[in-house]
Amino acid sequence: MKQSIVRSPISSPIVRAIASPFNTLPLSSAIRLTEAEWEALNEYDWDQKYIVDGVGEYLGPTLVEAAEWAPAAGDYYVAKTGSDANAGTNSSLPKLTIASAFNAISTSNSGPITIWVDAGTYTENIAGGYFLFTKAFAHMVTIRGKPGTRPILINSSGSYTIRPNNACSNVRFRNLEIRGAGTSLGFVFYNGTNLSNFEVIECHFNDTNSRPTGISFGGASGQSNIAVKRCTFASASTLLTTAINTTGFRFLGNDYTATALGRIDVGGGTYTISSNKLPGPIQCTGHATTPTTFSIWGNTTRNIVHFLGAGQTGNHSSLSILRNVVNAPVGVRGIAVAGFTTGGSCNDNIVTSLGDTGIGWPVDGGTKECTGAEIKRNTVTNYGTSGHAILVSTNSSAFQIENNTTDASGGGAYGIVLKGSNHTIRNNTFRGGTLNGLLMKDANDCLVEGNTIYSSGASAVAMRFDVASAMEVTGNTFVVTNGVLYSLLLAHGANNVVNSNTYDIDSPGLWGTMFGNTVSSLANVQAQWAANYPDSPTNDNASTSV
């Protein structure tokens, strides 16, 4: 079955090579995997060719050509030409409804079973117009559209299309088009406890009613191993996917670009959100009583947000935000983290902001601590009229901020705003906009080393101290092509060391202000430093041009 292919510049760590030919895709860079290896992946490259033995060919997570289907003994068959009076275990005598085949399978099944569904539209009116079930199987039962078809599962009048209820396990939906005729909640809905090993794979969700919720897993506790993988979504509305209190939730390779503002909202548990395309945000919420882990890798999205969570008093989240492409519109933060967090990483992301913070960890206004995170190798561009490219705000400590490139010269304000304590800022390139390349405010005991910092705005400052103490600024290059080099206020803090830096000041750039006095040369800078920090090391910097 041929399907449309959508491409996106998302990287993947997968390196396993292929040596033998298979069907239609060129093999120069294809990867061959077994079905078990394929389903175990946590990240896809949308431009990578994959060949999955017995399943088919993929470009990224998109199925291009399905393999011939191979039913096993004990499988069931459903077709519009069938009858529920049939046993359904012979392809020539299929059942008429999915529910009849599903309910015929014992919960003590001795191995995996597939219900093969032929082409057609199936209205499974089990309870109020939707497919309701409460079955915990011993092994996986898959409701699967036959290769070469995509049967349609639709509700008749109820609130949902599919609703697992109470203690359900080992159920999978695959290669179906899922629609709804109601006007309230979404396609797959669960609002109980102990849903486990539940998967929705390669389905198409087609919402013609502009309902706000696409998929919801709202169990109070005990949910585990839930996956939504390689699905596509179409809707004129937001089409939200939510999950709470879930251990081992995987949302992988899904495409929401045909929705108005497709988004993900999860909290309380462990989550892998990877290789998805979203016109809306990824929102993660910390939990009041349980540490929460979020792995957010290789997505294309509007923005990524971490919230505190209602009543959270100290259970820290762990965040891994890697290789995402973030395009934040006006007034929206690109990557915004609010504590509590311990450790974690925000690395190798490409963030474009049109007027607010590109990366903020933590953002301003947070009252809970964030400790020990790393922010590395990101490219952050701020094209807006305000905002920070990178912000590390108060209640932060022991961050490593390395090898990032920021640019706010297109209209943004700050290259980096540094607050908190005990940070290491090393080998970055910070280009300020209308305000500062490097603002050190309410910061202490930080090392700023080996960076290249630009000031290009007419009123911008390359390096500004604002109540910063015990800061070591060493081995940096400050390039001032417009604006000024220094802004060191009277309430500057104490025990700062600014040493072994290079100042490259080209007209109309200026030297700036130190301790309330205008400086106009390297000698002025050194004199002001000696007068105000007599016990600090000599301000032994160099100037390359004036």
# chains A, B, ... in the order shown; residues from 1 in each chain; ligands from 1
$ residues_around --residues "segment 111-115 of chain A" --least-positions-apart "3" --cutoff "6 Å" --atoms "only C-alpha atoms" --output "list in words"
Asp75, Tyr76, Tyr77, His139, Met140, Val141, Thr142, Ile143 and Arg144 of chain A
$ residues_around --residues "segment 166-168 of chain A" --least-positions-apart "5" --cutoff "9 Å" --atoms "only C-alpha atoms" --output "number ranges by chain"
A: 133-137, 190-198, 219
$ residues_around --residues "segment 503-520 of chain A" --least-positions-apart "4" --cutoff "7 Å" --atoms "only C-alpha atoms" --output "list in words"
Thr477, Phe478, Val479, Val480, Thr481, Asn482, Gly483, Val484, Leu485, Tyr486, Ser487, Leu488, Leu489, Leu490, Asn524, Val525, Gln528, Ala542, Ser543, Thr544, Ser545 and Val546 of chain A
$ select_by_dssp --residues "segment 41-130 of chain A" --states "alpha helix (DSSP H)" --output "ChimeraX atom specification"
/A:98-104
$ write_last_selection --atoms "N, CA and C atoms" --output "JSON list (two decimals), in the first residue's frame"
[["chain", "number", "residue", "atom", "x", "y", "z"],
["A", 98, "ILE", "N", -15.67, -6.53, 14.26],
["A", 98, "ILE", "CA", -14.43, -6.65, 15.03],
["A", 98, "ILE", "C", -14.74, -7.12, 16.45],
["A", 99, "ALA", "N", -15.81, -6.60, 17.03],
["A", 99, "ALA", "CA", -16.15, -6.95, 18.41],
["A", 99, "ALA", "C", -16.39, -8.44, 18.57],
["A", 100, "SER", "N", -17.04, -9.05, 17.60],
["A", 100, "SER", "CA", -17.32, -10.47, 17.70],
["A", 100, "SER", "C", -16.03, -11.29, 17.72],
["A", 101, "ALA", "N", -15.09, -10.93, 16.86],
["A", 101, "ALA", "CA", -13.81, -11.64, 16.85],
["A", 101, "ALA", "C", -13.03, -11.37, 18.14],
["A", 102, "PHE", "N", -13.04, -10.12, 18.58],
["A", 102, "PHE", "CA", -12.32, -9.73, 19.80],
["A", 102, "PHE", "C", -12.84, -10.50, 21.01],
["A", 103, "ASN", "N", -14.15, -10.59, 21.12],
["A", 103, "ASN", "CA", -14.75, -11.24, 22.29],
["A", 103, "ASN", "C", -14.65, -12.76, 22.23],
["A", 104, "ALA", "N", -14.34, -13.29, 21.06],
["A", 104, "ALA", "CA", -14.18, -14.75, 20.94],
["A", 104, "ALA", "C", -12.84, -15.23, 21.45]]
$ atom_distance --atom1 "atom CA of Phe217 of chain A" --atom2 "atom CA of Arg179 of chain A"
17.7 Å
$ closest_residue --among "A:Leu308, A:Gly410, A:Arg333, A:Asn315" --to "Thr367 of chain A" --atoms "only C-alpha atoms"
A:Leu308
$ select_by_dssp --residues "segment 92-277 of chain A" --states "strand (DSSP E)" --output "ChimeraX atom specification"
/A:113-117,121-123,131-133,136-145,152-154,162-164,169-174,177-179,188-190,196-201,204-206,213-217,223-229,232-235,240-252,255-259,263-274
$ decode --residues "segment 452-471 of chain A" --atoms "N, CA, C and O atoms" --output "mmCIF file, in the first residue's frame"
data_model
loop_
_atom_site.group_PDB
_atom_site.id
_atom_site.type_symbol
_atom_site.label_atom_id
_atom_site.label_comp_id
_atom_site.auth_asym_id
_atom_site.auth_seq_id
_atom_site.Cartn_x
_atom_site.Cartn_y
_atom_site.Cartn_z
ATOM 1 N N THR A 452 32.981 33.684 22.692
ATOM 2 C CA THR A 452 33.030 34.836 21.792
ATOM 3 C C THR A 452 31.699 35.550 21.905
ATOM 4 O O THR A 452 30.639 34.945 21.675
ATOM 5 N N ILE A 453 31.759 36.830 22.292
ATOM 6 C CA ILE A 453 30.543 37.563 22.627
ATOM 7 C C ILE A 453 30.503 38.839 21.797
ATOM 8 O O ILE A 453 31.428 39.656 21.833
ATOM 9 N N TYR A 454 29.405 39.003 21.053
ATOM 10 C CA TYR A 454 29.249 40.128 20.142
ATOM 11 C C TYR A 454 28.213 41.112 20.662
ATOM 12 O O TYR A 454 27.220 40.731 21.273
ATOM 13 N N SER A 455 28.465 42.373 20.395
ATOM 14 C CA SER A 455 27.452 43.402 20.575
ATOM 15 C C SER A 455 27.310 44.148 19.268
ATOM 16 O O SER A 455 28.284 44.656 18.727
ATOM 17 N N SER A 456 26.081 44.183 18.742
ATOM 18 C CA SER A 456 25.892 44.830 17.438
ATOM 19 C C SER A 456 24.774 45.845 17.427
ATOM 20 O O SER A 456 24.612 46.590 16.462
ATOM 21 N N GLY A 457 23.950 45.905 18.502
ATOM 22 C CA GLY A 457 22.880 46.889 18.554
ATOM 23 C C GLY A 457 23.395 48.264 18.943
ATOM 24 O O GLY A 457 24.387 48.402 19.677
ATOM 25 N N ALA A 458 22.740 49.309 18.482
ATOM 26 C CA ALA A 458 23.218 50.674 18.721
ATOM 27 C C ALA A 458 23.297 51.014 20.198
ATOM 28 O O ALA A 458 24.172 51.789 20.622
ATOM 29 N N SER A 459 22.414 50.470 21.024
ATOM 30 C CA SER A 459 22.440 50.744 22.463
ATOM 31 C C SER A 459 22.762 49.494 23.265
ATOM 32 O O SER A 459 22.499 49.431 24.464
ATOM 33 N N ALA A 460 23.328 48.505 22.605
ATOM 34 C CA ALA A 460 23.570 47.217 23.242
ATOM 35 C C ALA A 460 24.885 47.234 24.008
ATOM 36 O O ALA A 460 25.765 48.064 23.779
ATOM 37 N N VAL A 461 25.016 46.268 24.920
ATOM 38 C CA VAL A 461 26.209 46.118 25.738
ATOM 39 C C VAL A 461 26.717 44.695 25.564
ATOM 40 O O VAL A 461 25.951 43.738 25.681
ATOM 41 N N ALA A 462 28.010 44.558 25.293
ATOM 42 C CA ALA A 462 28.563 43.219 25.133
ATOM 43 C C ALA A 462 28.595 42.478 26.469
ATOM 44 O O ALA A 462 28.190 41.321 26.566
ATOM 45 N N MET A 463 29.055 43.157 27.535
ATOM 46 C CA MET A 463 29.212 42.502 28.833
ATOM 47 C C MET A 463 28.656 43.413 29.924
ATOM 48 O O MET A 463 29.173 44.505 30.151
ATOM 49 N N ARG A 464 27.624 42.941 30.602
ATOM 50 C CA ARG A 464 27.014 43.751 31.652
ATOM 51 C C ARG A 464 26.980 42.984 32.960
ATOM 52 O O ARG A 464 26.508 41.848 33.014
ATOM 53 N N PHE A 465 27.491 43.632 34.010
ATOM 54 C CA PHE A 465 27.367 43.119 35.371
ATOM 55 C C PHE A 465 26.214 43.841 36.051
ATOM 56 O O PHE A 465 26.125 45.066 35.994
ATOM 57 N N ASP A 466 25.355 43.085 36.708
ATOM 58 C CA ASP A 466 24.245 43.682 37.448
ATOM 59 C C ASP A 466 24.061 42.860 38.725
ATOM 60 O O ASP A 466 23.364 41.850 38.731
ATOM 61 N N VAL A 467 24.723 43.288 39.798
ATOM 62 C CA VAL A 467 24.730 42.565 41.070
ATOM 63 C C VAL A 467 25.242 41.138 40.850
ATOM 64 O O VAL A 467 24.541 40.160 41.099
ATOM 65 N N ALA A 468 26.452 41.035 40.382
ATOM 66 C CA ALA A 468 27.095 39.749 40.154
ATOM 67 C C ALA A 468 28.378 39.697 40.974
ATOM 68 O O ALA A 468 29.190 40.617 40.926
ATOM 69 N N SER A 469 28.554 38.624 41.732
ATOM 70 C CA SER A 469 29.693 38.525 42.632
ATOM 71 C C SER A 469 30.484 37.247 42.368
ATOM 72 O O SER A 469 29.929 36.224 41.957
ATOM 73 N N ALA A 470 31.795 37.351 42.629
ATOM 74 C CA ALA A 470 32.697 36.199 42.497
ATOM 75 C C ALA A 470 32.579 35.551 41.124
ATOM 76 O O ALA A 470 32.603 34.322 40.990
ATOM 77 N N MET A 471 32.450 36.364 40.104
ATOM 78 C CA MET A 471 32.387 35.877 38.726
ATOM 79 C C MET A 471 33.790 35.880 38.132
ATOM 80 O O MET A 471 34.527 36.870 38.259
#
